[in-house]
file protein.cif (mmCIF, C-alpha atoms and all ligand atoms)
data_coords
#
loop_
_atom_site.label_atom_id
_atom_site.label_comp_id
_atom_site.auth_asym_id
_atom_site.auth_seq_id
_atom_site.Cartn_x
_atom_site.Cartn_y
_atom_site.Cartn_z
CA MET A 1 11.10 23.78 0.30
CA LYS A 2 11.82 25.13 -3.14
CA ILE A 3 9.13 24.99 -5.81
CA HIS A 4 10.66 25.45 -9.24
CA GLN A 5 8.73 27.63 -11.70
CA GLU A 6 9.19 24.86 -14.32
CA ALA A 7 7.17 22.52 -12.09
CA ILE A 8 4.36 25.08 -11.79
CA ASP A 9 4.41 25.56 -15.58
CA ALA A 10 4.37 21.78 -16.13
CA ILE A 11 1.28 21.29 -13.96
CA GLU A 12 -0.48 24.29 -15.53
CA ASN A 13 0.03 22.78 -18.99
CA PHE A 14 -1.00 19.27 -17.97
CA SER A 15 -4.13 17.64 -19.31
CA MET A 16 -5.38 14.43 -17.81
CA PRO A 17 -6.85 11.63 -19.95
CA ASP A 18 -10.41 10.58 -19.08
CA ASN A 19 -9.49 7.00 -18.40
CA VAL A 20 -6.46 6.99 -16.13
CA GLY A 21 -6.23 3.30 -15.15
CA PHE A 22 -3.91 2.51 -12.21
CA GLY A 23 -0.37 3.92 -12.00
CA LYS A 24 -0.09 4.63 -15.71
CA VAL A 25 -0.61 8.39 -15.79
CA MET A 26 1.87 10.42 -13.76
CA LEU A 27 1.55 14.06 -12.75
CA PRO A 28 4.27 16.09 -14.51
CA ILE A 29 5.90 17.09 -11.19
CA MET A 30 7.84 15.35 -8.42
CA ALA A 31 9.36 16.25 -5.07
CA GLN A 32 12.96 15.39 -4.36
CA ALA A 33 15.46 15.63 -1.50
CA THR A 34 18.95 14.18 -1.25
CA TYR A 35 20.92 12.82 1.70
CA LYS A 36 24.67 13.33 1.92
CA ASP A 37 27.20 13.77 4.73
CA GLY A 38 24.58 12.73 7.25
CA GLN A 39 22.05 15.40 6.28
CA TRP A 40 18.94 15.82 4.21
CA SER A 41 18.76 18.67 1.71
CA GLN A 42 15.61 20.77 1.46
CA VAL A 43 12.74 19.39 -0.64
CA GLU A 44 12.56 20.68 -4.20
CA VAL A 45 9.50 20.32 -6.41
CA ILE A 46 10.69 19.89 -9.98
CA PRO A 47 9.19 18.71 -13.28
CA TYR A 48 8.75 14.92 -13.53
CA GLN A 49 11.92 13.65 -15.12
CA LYS A 50 14.25 10.69 -15.59
CA LEU A 51 16.77 10.01 -12.86
CA GLU A 52 20.41 10.09 -13.83
CA LEU A 53 22.11 7.27 -11.94
CA ASP A 54 25.62 5.94 -12.18
CA PRO A 55 25.46 2.22 -13.12
CA THR A 56 27.28 1.31 -9.86
CA CYS A 57 24.63 3.06 -7.77
CA LYS A 58 23.90 0.72 -4.82
CA VAL A 59 20.13 0.47 -5.25
CA LEU A 60 20.68 -1.15 -8.65
CA HIS A 61 22.80 -3.95 -7.18
CA TYR A 62 21.79 -4.44 -3.57
CA GLY A 63 18.18 -3.32 -3.56
CA GLN A 64 18.50 -0.79 -0.75
CA GLU A 65 15.12 0.84 -1.38
CA ILE A 66 11.89 1.57 0.47
CA PHE A 67 8.55 3.01 -0.56
CA GLU A 68 5.04 3.93 0.57
CA GLY A 69 1.65 3.92 -1.09
CA MET A 70 -0.94 6.50 -0.03
CA LYS A 71 -3.87 8.35 -1.52
CA ALA A 72 -5.35 11.84 -1.72
CA TYR A 73 -9.10 12.07 -2.36
CA ASN A 74 -11.21 14.82 -3.87
CA PHE A 75 -14.64 13.21 -4.04
CA LYS A 76 -17.13 15.70 -5.52
CA GLY A 77 -14.45 18.39 -5.15
CA ASN A 78 -14.54 18.22 -1.31
CA GLY A 79 -10.78 17.63 -0.98
CA PRO A 80 -7.97 17.29 -1.53
CA ASN A 81 -7.60 15.24 1.62
CA LEU A 82 -5.11 12.60 2.71
CA PHE A 83 -5.93 9.46 4.69
CA ARG A 84 -3.81 8.86 7.83
CA PRO A 85 -0.61 10.17 6.19
CA GLU A 86 1.26 10.17 9.50
CA GLU A 87 0.90 6.37 9.56
CA ASN A 88 2.68 6.17 6.21
CA LEU A 89 5.47 8.33 7.59
CA LYS A 90 5.85 6.06 10.65
CA ARG A 91 5.96 2.95 8.46
CA PHE A 92 8.38 4.60 6.03
CA ASN A 93 10.79 5.28 8.88
CA LYS A 94 10.39 1.73 10.23
CA SER A 95 11.23 0.39 6.78
CA ALA A 96 14.20 2.79 6.65
CA VAL A 97 15.60 1.46 9.94
CA ARG A 98 15.28 -2.18 8.77
CA MET A 99 16.97 -1.42 5.45
CA ALA A 100 19.85 0.57 7.01
CA MET A 101 18.63 3.83 5.53
CA PRO A 102 18.27 7.26 7.18
CA GLU A 103 14.94 8.19 8.73
CA ILE A 104 13.20 11.24 7.42
CA SER A 105 11.58 14.08 9.37
CA GLU A 106 7.86 14.70 9.45
CA GLU A 107 8.48 18.16 7.99
CA LEU A 108 10.31 16.74 4.99
CA PHE A 109 8.00 13.78 4.29
CA MET A 110 4.71 15.63 4.85
CA GLY A 111 6.01 18.76 3.16
CA ALA A 112 6.81 16.82 -0.01
CA VAL A 113 3.58 14.77 0.00
CA GLU A 114 1.34 17.75 0.74
CA GLU A 115 3.01 20.09 -1.75
CA VAL A 116 2.79 17.58 -4.62
CA THR A 117 -0.86 16.94 -3.74
CA TRP A 118 -1.64 20.64 -3.46
CA LEU A 119 0.02 21.53 -6.77
CA GLY A 120 -1.78 18.60 -8.39
CA ARG A 121 -5.15 19.32 -6.72
CA ASN A 122 -6.93 19.93 -10.02
CA PHE A 123 -5.95 16.43 -11.13
CA VAL A 124 -7.27 14.44 -8.18
CA PRO A 125 -10.14 12.56 -9.84
CA LYS A 126 -13.53 13.38 -8.33
CA ARG A 127 -15.57 10.22 -8.87
CA SER A 128 -16.08 7.68 -6.08
CA GLY A 129 -13.27 5.12 -5.88
CA GLU A 130 -10.85 7.39 -7.71
CA SER A 131 -7.94 9.26 -6.15
CA LEU A 132 -4.43 10.62 -6.51
CA TYR A 133 -2.06 7.76 -5.66
CA LEU A 134 1.11 9.05 -4.00
CA ARG A 135 4.37 7.16 -4.10
CA PRO A 136 7.05 8.38 -1.69
CA PHE A 137 10.24 6.32 -2.04
CA MET A 138 13.91 6.35 -1.15
CA ILE A 139 16.84 4.79 -2.99
CA ALA A 140 20.50 4.25 -2.15
CA SER A 141 22.40 6.47 -4.56
CA GLU A 142 26.03 6.07 -3.54
CA CYS A 143 28.12 4.87 -6.46
CA ASN A 144 30.49 1.96 -5.97
CA LEU A 145 30.16 -1.79 -5.91
CA GLY A 146 31.12 -2.35 -2.26
CA ILE A 147 28.52 -4.32 -0.33
CA LYS A 148 28.10 -1.72 2.36
CA PRO A 149 25.21 0.50 3.39
CA SER A 150 25.02 3.49 1.12
CA GLU A 151 25.87 6.86 2.60
CA GLU A 152 23.89 8.77 -0.01
CA PHE A 153 20.18 8.58 -0.74
CA ILE A 154 17.47 10.19 -2.85
CA PHE A 155 13.93 10.67 -1.52
CA LEU A 156 11.23 11.26 -4.10
CA VAL A 157 7.46 11.67 -4.19
CA LEU A 158 5.55 10.86 -7.38
CA ALA A 159 1.82 11.22 -7.93
CA SER A 160 -0.55 9.36 -10.22
CA PRO A 161 -4.26 10.02 -10.75
CA VAL A 162 -5.93 6.59 -10.48
CA GLY A 163 -9.22 4.85 -11.03
CA SER A 164 -10.22 1.72 -9.11
CA TYR A 165 -7.44 -0.88 -8.70
CA PHE A 166 -9.81 -3.79 -9.14
CA SER A 167 -13.03 -3.67 -11.11
CA GLY A 168 -15.07 -4.41 -7.99
CA ALA A 169 -15.32 -8.07 -8.95
CA SER A 170 -14.29 -10.62 -6.35
CA ILE A 171 -10.94 -12.37 -6.74
CA LYS A 172 -9.76 -15.99 -6.83
CA VAL A 173 -6.85 -16.69 -4.53
CA LEU A 174 -4.18 -19.38 -4.84
CA ILE A 175 -2.68 -20.75 -1.61
CA GLU A 176 1.11 -20.78 -2.06
CA ARG A 177 2.45 -23.83 -0.22
CA ASP A 178 5.93 -24.07 -1.76
CA MET A 179 7.56 -20.64 -1.92
CA ILE A 180 7.63 -18.26 1.03
CA ARG A 181 7.44 -14.47 1.14
CA ALA A 182 9.14 -13.69 4.44
CA SER A 183 10.70 -15.35 7.45
CA SER A 184 11.11 -14.28 11.05
CA GLY A 185 14.00 -11.88 11.46
CA GLY A 186 13.84 -11.01 7.76
CA MET A 187 12.42 -7.92 6.11
CA GLY A 188 8.83 -9.00 5.45
CA ALA A 189 7.41 -6.16 7.55
CA ALA A 190 9.36 -3.53 5.60
CA LYS A 191 7.93 -1.96 2.47
CA THR A 192 10.99 -2.66 0.36
CA GLY A 193 11.28 -3.67 -3.28
CA GLY A 194 12.88 -7.06 -2.58
CA ASN A 195 9.69 -8.36 -0.95
CA TYR A 196 7.77 -7.59 -4.13
CA ALA A 197 10.47 -8.97 -6.45
CA GLY A 198 10.39 -12.17 -4.39
CA SER A 199 6.65 -12.53 -4.92
CA LEU A 200 6.65 -12.18 -8.71
CA LEU A 201 7.45 -15.78 -9.64
CA ALA A 202 4.48 -16.91 -7.56
CA ALA A 203 2.37 -14.20 -9.22
CA ILE A 204 3.22 -15.63 -12.65
CA GLU A 205 2.22 -19.13 -11.54
CA THR A 206 -0.94 -17.82 -9.90
CA LYS A 207 -2.01 -16.14 -13.15
CA LYS A 208 -1.03 -19.17 -15.25
CA LEU A 209 -3.31 -21.36 -13.16
CA GLY A 210 -6.16 -18.88 -13.70
CA PHE A 211 -6.18 -17.14 -10.30
CA ASP A 212 -5.76 -13.49 -9.32
CA GLN A 213 -3.72 -13.29 -6.13
CA THR A 214 -1.28 -15.36 -4.09
CA LEU A 215 -1.90 -16.13 -0.41
CA TRP A 216 1.35 -16.56 1.54
CA LEU A 217 1.79 -18.93 4.48
CA SER A 218 4.30 -18.70 7.31
CA ALA A 219 7.85 -19.93 6.61
CA GLU A 220 7.89 -21.41 10.11
CA ASP A 221 5.01 -23.87 9.85
CA LYS A 222 3.73 -23.56 6.24
CA GLU A 223 0.33 -23.43 7.89
CA SER A 224 -0.35 -20.00 9.43
CA ILE A 225 -1.83 -17.52 6.99
CA GLU A 226 0.25 -14.38 6.51
CA GLU A 227 -0.97 -12.06 3.75
CA MET A 228 -1.19 -11.51 0.01
CA SER A 229 1.67 -10.00 -2.01
CA GLY A 230 0.24 -6.47 -1.69
CA MET A 231 -2.74 -6.76 0.68
CA ASN A 232 -3.67 -8.04 4.14
CA PHE A 233 -6.13 -10.88 4.65
CA PHE A 234 -9.42 -11.13 6.61
CA SER A 235 -12.08 -13.76 7.07
CA VAL A 236 -15.54 -13.62 8.65
CA ILE A 237 -16.17 -16.66 10.85
CA ASN A 238 -19.52 -16.98 12.62
CA GLY A 239 -20.07 -13.27 12.12
CA GLU A 240 -16.74 -12.30 13.72
CA LEU A 241 -13.72 -10.85 11.96
CA HIS A 242 -10.49 -12.87 11.97
CA THR A 243 -7.12 -11.72 10.67
CA PRO A 244 -3.52 -12.89 11.13
CA ALA A 245 -1.79 -11.04 13.97
CA ILE A 246 0.93 -8.65 12.81
CA SER A 247 4.47 -10.01 13.15
CA ASP A 248 7.82 -9.20 11.58
CA THR A 249 6.81 -11.25 8.54
CA ILE A 250 3.65 -9.28 7.70
CA LEU A 251 3.27 -5.70 6.48
CA ASP A 252 1.34 -3.72 9.10
CA GLY A 253 -1.36 -2.41 6.75
CA ILE A 254 -3.01 0.91 7.49
CA THR A 255 -6.20 -0.25 5.77
CA ARG A 256 -6.12 -3.40 7.91
CA ARG A 257 -5.85 -1.37 11.12
CA SER A 258 -8.58 1.02 9.99
CA LEU A 259 -10.95 -1.85 9.17
CA ILE A 260 -10.32 -3.41 12.59
CA ASP A 261 -11.22 -0.12 14.31
CA LEU A 262 -14.28 0.32 12.08
CA ALA A 263 -15.49 -3.23 12.74
CA LYS A 264 -15.07 -2.81 16.51
CA SER A 265 -16.97 0.47 16.40
CA GLU A 266 -19.82 -1.38 14.66
CA GLY A 267 -19.86 -3.95 17.47
CA ILE A 268 -18.15 -6.72 15.47
CA LYS A 269 -15.70 -8.83 17.45
CA VAL A 270 -12.20 -8.92 15.92
CA SER A 271 -9.61 -11.65 16.59
CA GLU A 272 -5.97 -11.18 15.63
CA TYR A 273 -4.08 -14.45 15.96
CA LYS A 274 -2.21 -17.19 14.07
CA LEU A 275 -4.94 -18.25 11.67
CA GLY A 276 -4.24 -21.74 10.26
CA ILE A 277 -5.06 -22.47 6.62
CA THR A 278 -6.31 -26.01 7.41
CA GLU A 279 -8.76 -24.66 9.97
CA LEU A 280 -9.88 -21.88 7.65
CA LEU A 281 -10.53 -24.25 4.73
CA GLU A 282 -12.57 -26.53 7.00
CA LYS A 283 -14.61 -23.55 8.14
CA ILE A 284 -15.17 -22.45 4.54
CA LYS A 285 -16.39 -25.97 3.70
CA SER A 286 -18.70 -26.11 6.72
CA GLY A 287 -20.02 -22.61 5.99
CA GLU A 288 -18.86 -21.22 9.36
CA CYS A 289 -16.54 -18.95 7.39
CA SER A 290 -18.89 -16.99 5.18
CA GLU A 291 -16.63 -14.28 3.74
CA CYS A 292 -12.97 -13.64 3.05
CA PHE A 293 -11.48 -10.42 1.75
CA ALA A 294 -8.19 -8.65 1.09
CA CYS A 295 -7.40 -5.01 1.85
CA GLY A 296 -4.83 -2.36 1.08
CA THR A 297 -4.51 1.27 0.05
CA ALA A 298 -4.67 0.55 -3.68
CA ALA A 299 -7.60 -1.86 -3.69
CA ILE A 300 -9.30 -0.63 -0.47
CA LEU A 301 -11.26 -3.86 0.15
CA THR A 302 -11.61 -6.68 -2.35
CA PRO A 303 -13.91 -9.62 -1.68
CA ILE A 304 -12.51 -13.11 -2.24
CA ALA A 305 -14.70 -15.48 -4.25
CA SER A 306 -12.70 -18.65 -3.62
CA LEU A 307 -9.45 -20.11 -2.32
CA HIS A 308 -7.58 -22.75 -4.35
CA ASP A 309 -4.85 -25.31 -3.96
CA LYS A 310 -2.46 -26.23 -6.77
CA SER A 311 -3.75 -29.81 -6.44
CA GLY A 312 -7.02 -28.56 -7.98
CA GLU A 313 -9.12 -28.34 -4.80
CA SER A 314 -11.38 -25.28 -4.67
CA TYR A 315 -12.96 -23.65 -1.64
CA PRO A 316 -15.70 -21.26 -2.75
CA LEU A 317 -16.94 -18.77 -0.16
CA LYS A 318 -20.59 -18.93 0.80
CA GLN A 319 -20.88 -15.19 0.19
CA GLU A 320 -18.80 -13.77 -2.59
CA HIS A 321 -19.94 -10.21 -1.85
CA GLY A 322 -20.78 -10.59 1.82
CA PRO A 323 -22.46 -8.02 4.08
CA VAL A 324 -19.51 -7.52 6.45
CA ALA A 325 -17.10 -6.75 3.60
CA LYS A 326 -19.63 -4.42 2.01
CA MET A 327 -20.37 -2.55 5.23
CA LEU A 328 -16.65 -2.11 6.02
CA ARG A 329 -15.77 -1.02 2.47
CA ASP A 330 -18.64 1.48 2.30
CA ASN A 331 -17.74 2.96 5.68
CA LEU A 332 -14.01 3.19 5.00
CA LEU A 333 -14.43 4.70 1.54
CA GLY A 334 -17.13 7.04 2.91
CA ILE A 335 -14.68 8.38 5.51
CA GLN A 336 -11.86 8.63 2.95
CA GLU A 337 -14.13 10.52 0.57
CA LEU A 338 -15.53 12.78 3.35
CA SER A 339 -19.08 11.61 2.70
CA ILE A 340 -19.38 9.92 6.14
CA GLU A 341 -18.50 11.59 9.43
CA ASP A 342 -14.86 10.82 10.35
CA LYS A 343 -15.21 10.12 14.07
CA PHE A 344 -11.67 8.67 14.10
CA SER A 345 -9.99 11.88 12.81
CA TRP A 346 -8.26 9.90 10.08
CA THR A 347 -8.61 12.40 7.26
CA LYS A 348 -6.40 15.41 6.69
CA LEU A 349 -7.91 18.14 4.56
CA LEU A 350 -5.30 20.21 2.73
CA LYS A 351 -5.77 23.99 2.67
CA LYS A 352 -3.57 26.94 1.87
C1 LIG B 401 2.64 -6.66 1.28
C2 LIG B 401 1.54 -5.73 1.61
N1 LIG B 401 0.68 -6.06 2.58
C3 LIG B 401 -0.33 -5.25 2.93
C4 LIG B 401 -0.53 -4.04 2.30
C5 LIG B 401 -1.65 -3.13 2.74
O1 LIG B 401 -1.12 -2.01 3.40
P1 LIG B 401 -1.89 -0.62 3.42
O2 LIG B 401 -3.26 -0.91 3.88
O3 LIG B 401 -1.13 0.23 4.37
O4 LIG B 401 -1.85 -0.12 2.03
C6 LIG B 401 0.31 -3.67 1.26
C7 LIG B 401 0.09 -2.42 0.53
O5 LIG B 401 0.60 -1.42 0.82
C8 LIG B 401 1.39 -4.51 0.90
O6 LIG B 401 2.23 -4.18 -0.07
#
call {"tool": "encode", "arguments": {"input": "protein.cif", "output": "structure tokens", "more": "lines below"}}
Ligand SMILES: Cc1ncc(COP(=O)(O)O)c(C=O)c1O
result
Amino acid sequence: MKIHQEAIDAIENFSMPDNVGFGKVMLPIMAQATYKDGQWSQVEVIPYQKLELDPTCKVLHYGQEIFEGMKAYNFKGNGPNLFRPEENLKRFNKSAVRMAMPEISEELFMGAVEEVTWLGRNFVPKRSGESLYLRPFMIASECNLGIKPSEEFIFLVLASPVGSYFSGASIKVLIERDMIRASSGGMGAAKTGGNYAGSLLAAIETKKLGFDQTLWLSAEDKESIEEMSGMNFFSVINGELHTPAISDTILDGITRRSLIDLAKSEGIKVSEYKLGITELLEKIKSGECSECFACGTAAILTPIASLHDKSGESYPLKQEHGPVAKMLRDNLLGIQELSIEDKFSWTKLLKK
């Protein structure tokens, strides 16, 4: 690892605006490593800067790219601490394999993430719900137009001080019955740009119709619920937690897994299976399904107020801010912010 003096100077001269929003303010440093001739270089921490890419660079044409989203917390100055960073590394390498990209060692990934966090520790916001959002990513950087896997790559880690992703208000969700996000054998379980690009047209339509998020159904039966474009999906039916089982068409969310473990530890039964939209809507109507919510690193846990069909039908939830969602959110955020005992050993406190 090489930390350039210019990066240290840049962070020392940085001043953070009071209102950071989400993903708009970037720390003035980044970590970078390059892959060539079958080997990764050492990680260098350099000032945040533009990338110089040849216009034939493969990521620009064939989308060979993967990323992660993770957070460092410093609630009341008790951090900085990361939340289950090794899970992000595992998923990053799974995405790499699916996208024909080289895996990365723990030393390189964690070294880059931890060093950027440590150097930026004075800019990890300290209020509840705020954090330093970390964005490790890898792009194919070989230059030529051949449709072949790249043999050169750049790995980077960026960091952005962030406030809450959603205002805390519940969201309205549109059921997408025409377009699909992923199909079996495809790349839906990889965290790769193409999955997000493919969801944007639906996002435009969702917004145009007055809703906040798109709910994707399975390509196979246009019936089984999969996930949202950037979050996993849960419902509470007769007091039990239900969520679609992970498959190769769903991103295996770390928040999702953590909420399942938390719920079980609170004595709540959790079912992971093929959850049908028809059955869910009936249960919302009958009141058996009392809460639905979405979860992910950025938003943590966001309650769903109502589900909607393009035909105009609405399915309001009995409890917009239900007790199960609240209990799970409070517990998860409490562990992340080190204000509740972490009996799962999920948090990693950084020290030097
Ligand atoms: C498509 C998709 N599903 C689910 C999630 C939630 O995953 P995690 O909880 O690991 O952030 C994300 C966000 O990263 C996502 O982009």
call {"tool": "closest_atom_pairs", "arguments": {"input": "protein.cif", "of": "chain A", "to": "ligand LIG 401 (chain B)", "cutoff": "8 Å", "atoms": "all atoms listed in the file", "output": "tab-separated table"}}
result
residue	atom	partner	partner_atom	distance
A:Glu68	CA	B:LIG401	O5	7.0
A:Gly69	CA	B:LIG401	O5	5.8
A:Met70	CA	B:LIG401	O4	7.0
A:Asn88	CA	B:LIG401	O3	7.3
A:Gly188	CA	B:LIG401	C1	7.8
A:Ala189	CA	B:LIG401	C1	7.9
A:Lys191	CA	B:LIG401	O6	6.6
A:Asn195	CA	B:LIG401	C1	7.6
A:Tyr196	CA	B:LIG401	C1	7.5
A:Glu227	CA	B:LIG401	N1	6.3
A:Met228	CA	B:LIG401	C1	6.3
A:Ser229	CA	B:LIG401	C1	4.8
A:Gly230	CA	B:LIG401	O6	3.4
A:Met231	CA	B:LIG401	C3	3.6
A:Asn232	CA	B:LIG401	C3	4.5
A:Ile250	CA	B:LIG401	N1	6.7
A:Leu251	CA	B:LIG401	N1	4.7
A:Asp252	CA	B:LIG401	O1	6.4
A:Gly253	CA	B:LIG401	O1	3.4
A:Ile254	CA	B:LIG401	O3	3.7
A:Thr255	CA	B:LIG401	O2	3.6
A:Arg256	CA	B:LIG401	O2	5.5
A:Arg257	CA	B:LIG401	O2	7.7
A:Cys295	CA	B:LIG401	C5	6.1
A:Gly296	CA	B:LIG401	O2	3.5
A:Thr297	CA	B:LIG401	O4	3.6
A:Ala298	CA	B:LIG401	O4	6.4
A:Ile300	CA	B:LIG401	O2	7.4
call {"tool": "closest_residue", "arguments": {"input": "protein.cif", "among": "A:Ala202, A:Ala197, A:Ile180, A:Met16", "to": "Trp216 (chain A)", "atoms": "only C-alpha atoms"}}
result
A:Ile180
call {"tool": "closest_residue", "arguments": {"input": "protein.cif", "among": "A:Leu132, A:Ile147, A:Leu328, A:Ile204", "to": "Gly79 (chain A)", "atoms": "all atoms listed in the file"}}
result
A:Leu132
call {"tool": "atom_distance", "arguments": {"input": "protein.cif", "atom1": "CA of Ser199 (chain A)", "atom2": "CA of Ser141 (chain A)"}}
result
24.7 Å
call {"tool": "closest_residue", "arguments": {"input": "protein.cif", "among": "A:Ser306, A:Gln336, A:Gln42, A:Thr56", "to": "Cys143 (chain A)", "atoms": "all atoms listed in the file"}}
result
A:Thr56
call {"tool": "closest_residue", "arguments": {"input": "protein.cif", "among": "A:Lys208, A:Arg98, A:Arg135, A:Lys274", "to": "Gln32 (chain A)", "atoms": "only C-alpha atoms"}}
result
A:Arg135
call {"tool": "closest_residue", "arguments": {"input": "protein.cif", "among": "A:Ile29, A:Ala219, A:Ile171, A:Val59", "to": "Leu119 (chain A)", "atoms": "only C-alpha atoms"}}
result
A:Ile29
call {"tool": "closest_residue", "arguments": {"input": "protein.cif", "among": "A:Asp261, A:Glu130, A:Glu107, A:Asp330", "to": "Tyr73 (chain A)", "atoms": "all atoms listed in the file"}}
result
A:Glu130
call {"tool": "atom_distance", "arguments": {"input": "protein.cif", "atom1": "CA of Gly163 (chain A)", "atom2": "CA of Asn78 (chain A)"}}
result
17.4 Å
call {"tool": "atom_distance", "arguments": {"input": "protein.cif", "atom1": "CA of Met30 (chain A)", "atom2": "CA of Gly198 (chain A)"}}
result
27.9 Å
call {"tool": "residues_around", "arguments": {"input": "protein.cif", "residues": "Ala10 (chain A)", "least_positions_apart": "2", "cutoff": "8 Å", "atoms": "all atoms listed in the file", "output": "count of residues only"}}
result
9
call {"tool": "build_atoms", "arguments": {"input": "protein.cif", "residues": "region 267-285 of chain A", "atoms": "N, CA and C atoms", "output": "JSON list (two decimals), in the coordinates of the input"}}
result
[["chain", "number", "residue", "atom", "x", "y", "z"],
["A", 267, "GLY", "N", -19.49, -2.87, 16.57],
["A", 267, "GLY", "CA", -19.86, -3.95, 17.47],
["A", 267, "GLY", "C", -19.47, -5.34, 16.97],
["A", 268, "ILE", "N", -18.60, -5.40, 15.98],
["A", 268, "ILE", "CA", -18.15, -6.72, 15.47],
["A", 268, "ILE", "C", -16.89, -7.12, 16.24],
["A", 269, "LYS", "N", -16.87, -8.36, 16.72],
["A", 269, "LYS", "CA", -15.70, -8.83, 17.45],
["A", 269, "LYS", "C", -14.57, -9.11, 16.45],
["A", 270, "VAL", "N", -13.35, -8.70, 16.81],
["A", 270, "VAL", "CA", -12.20, -8.92, 15.92],
["A", 270, "VAL", "C", -11.15, -9.75, 16.64],
["A", 271, "SER", "N", -10.69, -10.83, 16.01],
["A", 271, "SER", "CA", -9.61, -11.65, 16.59],
["A", 271, "SER", "C", -8.39, -11.56, 15.72],
["A", 272, "GLU", "N", -7.26, -11.20, 16.33],
["A", 272, "GLU", "CA", -5.97, -11.18, 15.63],
["A", 272, "GLU", "C", -5.13, -12.29, 16.22],
["A", 273, "TYR", "N", -4.82, -13.29, 15.44],
["A", 273, "TYR", "CA", -4.08, -14.45, 15.96],
["A", 273, "TYR", "C", -3.45, -15.20, 14.81],
["A", 274, "LYS", "N", -2.80, -16.34, 15.10],
["A", 274, "LYS", "CA", -2.21, -17.19, 14.07],
["A", 274, "LYS", "C", -3.32, -18.02, 13.46],
["A", 275, "LEU", "N", -3.79, -17.59, 12.30],
["A", 275, "LEU", "CA", -4.94, -18.25, 11.67],
["A", 275, "LEU", "C", -4.42, -19.36, 10.75],
["A", 276, "GLY", "N", -4.76, -20.61, 11.05],
["A", 276, "GLY", "CA", -4.24, -21.74, 10.26],
["A", 276, "GLY", "C", -5.05, -21.95, 8.98],
["A", 277, "ILE", "N", -4.36, -22.29, 7.89],
["A", 277, "ILE", "CA", -5.06, -22.47, 6.62],
["A", 277, "ILE", "C", -5.96, -23.72, 6.66],
["A", 278, "THR", "N", -5.51, -24.78, 7.35],
["A", 278, "THR", "CA", -6.31, -26.01, 7.41],
["A", 278, "THR", "C", -7.65, -25.72, 8.08],
["A", 279, "GLU", "N", -7.55, -25.00, 9.21],
["A", 279, "GLU", "CA", -8.76, -24.66, 9.97],
["A", 279, "GLU", "C", -9.67, -23.75, 9.13],
["A", 280, "LEU", "N", -9.06, -22.80, 8.44],
["A", 280, "LEU", "CA", -9.88, -21.88, 7.65],
["A", 280, "LEU", "C", -10.61, -22.63, 6.53],
["A", 281, "LEU", "N", -9.89, -23.53, 5.84],
["A", 281, "LEU", "CA", -10.53, -24.25, 4.73],
["A", 281, "LEU", "C", -11.67, -25.13, 5.24],
["A", 282, "GLU", "N", -11.48, -25.73, 6.41],
["A", 282, "GLU", "CA", -12.57, -26.53, 7.00],
["A", 282, "GLU", "C", -13.78, -25.65, 7.28],
["A", 283, "LYS", "N", -13.50, -24.46, 7.79],
["A", 283, "LYS", "CA", -14.61, -23.55, 8.14],
["A", 283, "LYS", "C", -15.28, -22.99, 6.89],
["A", 284, "ILE", "N", -14.54, -22.88, 5.80],
["A", 284, "ILE", "CA", -15.17, -22.45, 4.54],
["A", 284, "ILE", "C", -16.10, -23.58, 4.07],
["A", 285, "LYS", "N", -15.59, -24.81, 4.15],
["A", 285, "LYS", "CA", -16.39, -25.97, 3.70],
["A", 285, "LYS", "C", -17.67, -26.11, 4.53]]
